[in-house]
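Student: What follows is a single structure, and I will ask about it in a moment.
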Amino acid sequence: MTEMLREPRVRTALAPDPVAESGTKLPAVAMQGVTKRFGGGRGGDPVVAVDDLHLDIRDGEFFSLLGPSGCGKTTSLRMIAGFEYPSAGSVRIFDQEVGLEPPNRRPVNTVFQSYALFPHMTVVQNIAFGLEMQKVPDDEIATRVGEVLELVQLSGQARRKPSQLSGGQQQRVALARALVNHPKVLLLDEPLGALDLKLRQAMQLELKRIQEQVGITFVYVTHDQEEALTMSDRIGVMNLGQLLQVGPPEAIYDTPRTRFVADFIGDTNLLSAEVVDADTARLTDGTVVRVATGRPVGATVTLAIRPEKLGLWHADAERDLRLDAVTGRIRRMTFLGNAIVYEIVTETSGTPVELTVRQGNTPGIEHFEPDERVRVRWWPTSTAALED
Amino acid sequence: MATTLEPRTTPPPADAAPELGLEADAERAESRRGLLIGLPSLAYLVVFFALPLVIVVVYSFATRSRTGRTILGDWNLDSYARLFDPLVLEIALRSLWLALLTTLISLAFGYPFAYYLATRSPKVRGILLVLVMIPFWSNFLVRTYAWRVILGRDGPFVRLLEPILGTDVQLLFTPFAVVLGLVYGYMPFMILPLYATIERLDFSLVEAARDLYASGWQAFLKVTWPLSRPGVIAGSLLVFIPSFGAYVTPEILGGGRTTMLGSYIVRQFLSARDWPFGSALSVAVLLVMLAAAVVYLRSGGRNL
Amino acid sequence: MSVVDAASGPPPDVAEDSVVRPKRTVERILAGNAWIVFAFLYLPILLLVVLSFNDNRTVGVWTEPSLRWYQAMFTDRNVLGALRNSLVVAFISTVVSTVLGTAAALSLERFRYRGQRAYDGLLYLPVIIPDVTMAVMMLLFFVQAFDLLGAVLGVNASFGIGTISLSHIAFNISFVAVVVRARLAGLDPSLEEAAADLYASRWQAFRRVTLPLIAPGVAGGALLALTLSLDEVVITSFVAGPGSTTLPVYVFGLVRRGVTPLINAVSVLMLTGSMLLVLTSLLITRRRDEP
C-alpha cells in the first residue's frame, strides 16, 4: 500500500539529484548550519565533530547517514534525538525548533546501538515504558503494545526479560519500544551492528518492511555501505564532520562527487587525467576518454570508474567506437568465486595506468591468464569526474 | 541583519566566541545539577574530614605547655624536629620493617593461592572466593583476639612446644606475634587484587610462550609474573599501608616491647598528652600513606 | 524451548589438558598452599567458637561444654549497653552515609563540572587514611568545635553517640560511594538516555531505571558501611564519651587486660553478626546475576 510513496528506483546515472526537485512538503528533519564542538572551554582545543551541517530529511523516507567511525554521523543523530545540544545552528522537526529541547520533549524515538533495553523489565514493560511516561491510559497501552508486538512478530515473548532473548529478538524489542510511541521520526544508531551476517541481512529486509508498513521517517546511521545501499531511499555520506554528498543509492554509487565518496563506497578505479576539451580528458598514458568534467582545458581531474563497469577482451578485439578503451597486460588474477578480479597495467607511452577489472563468473565469460595482453572497454557514461 | 524571514527560537550567534556555543547554557545547567546532587556529601566531607585534617596540621605546629595543655600560638617546628629522635626513629624503623615483612609473607603465600584460585573451574572458583571473603568481612578485633588465645600461655602452641624444647616458650608479645596477626588480618587484601588480575590474564599468552620454546618456569617469569604485576603492586600496598599504621594488632599481640607508630601516636593523646607531637606524627604517617597511594594509582590499580 | 543467551557466554575456562595447567608436582604444591592458607584463615576462628562453649574459667583448659559464658554475657550490663550503642551508631551512620554516598557517586559518575577532580580526591582520602590518623583528626576537631560552640552559643556539647556517629559517617560515605560508583560505571549510559528518549523526566529516569539497576550496589555499600561501623575500634575509642562505648571498644578494653571466657562469648556473638552480614551480601550478589 505504501508502494506509492516510494520513489521510482529506475534512474539513469545522470538523472538530476532528486533533492532539487523535492516539493513544498515540510521536511521531517531540517538541520541548518549545525555545528558540534566537544571539549572546548578552558584549555584544550575543541574537537569539531560536526561542521556546518545542512540537511533536509523528507517526510516518510528511509534516510541513511553513512561514513567511517568518528565522521560525525552518530553525533548528528544524537543532536536530533536530544542527547547532545548543537554548538551552533538549528535543528527542526516538522518546522519546530528542538535544538535545545531535552530528549523527553522531542517527538522522536531512538533505537540504540546497544539496544539499551531495561534489563529489569520484561519485554512488555520495556515497550510500555514510553507510553506510561506520557500518561497514556492503561487500556490504550495494552492495545498499542499488542499491536506493535505483532508488527515485530514477538507476541510469544511478551513476558520474558531481555536477557532471555536472542540478539535478533532484542533488536526487535528495541524497535517496538520506539515505534509504539508513534514517533514523527525514528532514529536508528547502527542497530544491526551486533548481529551476525545472516541475521543482519534478514533484519535489513525486515526493517525496510516495517518502515514501509508504518510510513514513519527513518534516520539510520551506519558505517556499512551495503546496508545503506540496500535499505535507503536516500543516503548522506559524511567524513570528518562534513556532509559530502546526499542522494539516492544509485546516484551515490554511480556518480560520486568526491574522491572520498568514490573510495568509501564500493571499490573503484581512481585515474588522474588532464582536461582536453568540454567532453574529453587524457589519461596519464595518453589515452583520451569521453567525460564531461566542466573544468577548464588543461586542468587536472580525477576520474572514477567502477571495476565491474569495465569489460575485458582479447587485445585484437574489434574496435567499438561507442566505447572508450585501453590496451594492457594482466599483472594478477584473483578468483573470488562469484567473480574474477584482474589487475591490468596499460601498455602505452607515458605513465602506465593501473586498472582493476571485475568480471562476473557467469557462463560464457572468457577467463584470462596473467601476462596476457587484453583490451579494456567501457561505456563513457560509466566514467565520473570528481570534484577534488 | 536585524530582520530575518522567520522568527527563530535559537538565533545562531553571528560572531560569538567559539567556546560559547548554543549548548553552553544547557551544559552549565547540567553541571549545576550535578554539583547540587553531590553538594550534601561534599559539604559533609569538608566539615567532618577536610577541616579536621587542617586542624591536625595546625596542631602539629603548636606548643605543649608543661601541664600537657596545647597552646595554639607560638608556632614552631619543634614537634617535627622530634621526629628524628633516636627513639622515634627506632619505632618508625620497626614499623617499616614489620610492615614490609608482613607484605612479603602475605605475597609469598597469597600469590600461589590467588593463582590456584584463578585456575580453578568457574564453579569451584566462586566457592573458594566466598571462603576468602568471609574472614575478610569478619570482625578484625575478634580475629586478632583469637591469636591472643592461641599464642598465650595456655594456648595449644606453647603447650605443644614446651615439652619438646624443655624451656619456657614465649610466643605472645613478640614481633613474631605481631607479624602473624598482621598477616592474618590483611592477607585477604593481598589475595583479592592478585586474584582479580590473574583471573583476567589471557592464558593463551602463556600458551604462546610455551609454543615459542619457553619452559613452564620461563613462561611464568616472562609472561605471567610481569602481567600480574599490577595486582602485586596493588595487593602489596593494600597490605603495607594498614600494617604500617597498625594500632590494634600490636596493642593486643605485641605488648609493650614491640611498639609501632600507631600505638606511639595514640600514646601521645591518651597518656602522654602531647598533642602537637602526636599531630606531627600523624601528619608524617599520612604523608607516607599518600606517597604509597600515589604509587598505587599510578600503577593503574584503581580498578579494585 | 531453549533460552538463547547471546549477551553472556560461559566465562573462558582453562582446559584440563592445557599447557597453562602447571605440572603435577607444581599443582600439588599450589593445592597444598591453598589448604595451608585456608587453615590459617579459619582454624583460629573455629578454635574461638569451640572455646566459647568451655565451662572452665581458664580459657585454655577444656572441661565440659556449657552455655554459661553466653548467659553471663546477656546479663552483663556493660556488654548490653555497649551492644545497644553499637547498633544505634551503626544504624544512623549506615542510613546517612548510604544516602550521601549514593548521591556523591551519581554526581561524580554521571556529571561533569569544575572542581570535580578535587572532590574525587577528597572522597578517596577516608578510604586510604590510617585509622589512627583519622582518630586524631576527629578528636582534635571535636575538641575545637566544642570550644567554639561553648564560646559562641554557650552550648555545652560533649563526646558521645553523636560524635561517634558523625565520625563513622565521615568514612562510610567514601566506602559507599566507591561501591555504588563501581556499579554505576558498569551501567550502560544509554539506558538512561533511552529512558529520556521515551519521555521520562530526570526524576522518572532515576526512579524507574537507574535506581533499580544500581540497587544491588547501594545495598552492598550499605552492608559494607554497617560492617565497618560495627567493627570500628580506634576512631570510636577517641571520640567516645563516658557511657557511650561501643561493643568493639568495650571488648578492646577487656582484651588489653587479658583473656577471659566472657570475651570468647562476646567475640562469637560479633562473629555471628559479621557472618550474617556476609550471607546477606552474598544473597544480594546472587540475585544480581539472575536475569
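All residue names refer to the C-alpha cells as shown: chains lettered A, B, ... in order, residues numbered from 1 in each chain, ligands numbered from 1 in order.
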Please provide the set of residues having any atom within 12 Å of C:Val259, restricted to only C-alpha atoms, with same-chain residues fewer than 6 positions apart removed, written as a list in words.
Tutor: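 Here the qualifying residues turn out to be Val142, Tyr145, Ala146, Trp147, Arg148, Val149, Ile150, Leu151, Gly152, Arg153, Asp154, Gly155, Ile252 and Leu253 of chain B; Leu48, Leu51, Ser52, Arg57, Thr58, Val59, Gly60, Val251, Phe252, Gly253, Ala265, Val266 and Ser267 of chain C.
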Student: I need the residues of stretch 199-266 of chain C that end up classed as helix (DSSP H, G or I) by DSSP on the backbone, written out as a PyMOL selection string.
Tutor: chain C and resi 202-231+234-239+247-257+261-266
Student: Can you list, as a list in words, every protein, DNA or RNA residue that comes within 12 Å of C:Gly186 when you count only C-alpha atoms, leaving out same-chain residues fewer than 2 positions away?
Tutor: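 Returned residues: Asn303 of chain B; Glu109, Arg110, Val179, Val180, Arg181, Ala182, Arg183, Leu184, Asp188, Pro189, Ser190, Leu191, Thr210, Leu213, Ile214 and Gly217 of chain C.
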Student: Counting only C-alpha atoms, what are the residues of chain A within 9 Å of chain C, and for each of them which pair of atoms is the nearest and at what distance in Å, to one decimal? Sort the table by chain and rising number, as CSV.
Tutor:
```
residue,atom,partner,partner_atom,distance
A:Ala81,CA,C:Asp197,CA,7.2
A:Gly82,CA,C:Asp197,CA,8.0
A:Phe83,CA,C:Glu193,CA,7.0
A:Pro102,CA,C:Ala196,CA,8.0
A:Pro103,CA,C:Asp197,CA,5.1
A:Asn104,CA,C:Tyr199,CA,3.9
A:Arg105,CA,C:Tyr199,CA,6.6
A:Arg106,CA,C:Asp197,CA,7.9
A:Val108,CA,C:Asp197,CA,7.6
A:Asn109,CA,C:Asp197,CA,5.9
A:Thr110,CA,C:Asp197,CA,6.7
A:Val111,CA,C:Ala194,CA,8.4
A:Phe112,CA,C:Ser190,CA,7.5
A:Ser114,CA,C:Ser190,CA,7.8
A:Tyr115,CA,C:Ser190,CA,8.5
A:Ala116,CA,C:Leu191,CA,4.9
A:Leu117,CA,C:Leu191,CA,6.9
A:Phe118,CA,C:Leu191,CA,6.6
A:Pro119,CA,C:Pro291,CA,7.5
A:His120,CA,C:Leu213,CA,7.1
A:Phe129,CA,C:Leu198,CA,7.0
A:Gly130,CA,C:Leu198,CA,4.4
A:Leu131,CA,C:Leu198,CA,7.9
A:Glu132,CA,C:Tyr199,CA,8.9
A:Met133,CA,C:Ala200,CA,5.5
A:Gln134,CA,C:Tyr199,CA,6.5
A:Lys161,CA,C:Pro291,CA,6.8
A:Pro162,CA,C:Pro291,CA,8.1
A:Ser163,CA,C:Pro291,CA,6.0
A:Gln164,CA,C:Val3,CA,5.9
A:Leu165,CA,C:Val4,CA,5.9
A:Ser166,CA,C:Val4,CA,5.3
A:Gly167,CA,C:Ala6,CA,6.0
A:Arg177,CA,C:Leu198,CA,8.5
A:Ala178,CA,C:Leu198,CA,7.5
A:Asn181,CA,C:Leu198,CA,8.1
```
Student: Using only C-alpha atoms, pick whichever of A:Leu243, A:Leu355, A:Val98, A:Ile93 has the shortest atom-to-atom distance to chain B.
Tutor: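 Closest residue, counting only C-alpha atoms: A:Val98.
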Student: Could you tell me which of C:Thr75, C:Thr227, C:Gly154, C:Tyr124 comes closest to C:Thr272 if we count only C-alpha atoms?
Tutor: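 With only C-alpha atoms as the atom set, the closest residue is C:Thr227.
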Student: Counting only C-alpha atoms, which residue out of C:Gly160, C:Pro261, C:Gly273, C:Pro242 sits closest to C:Trp69?
Tutor: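 Once distances to C:Trp69 are computed over only C-alpha atoms, the minimum belongs to C:Pro261.
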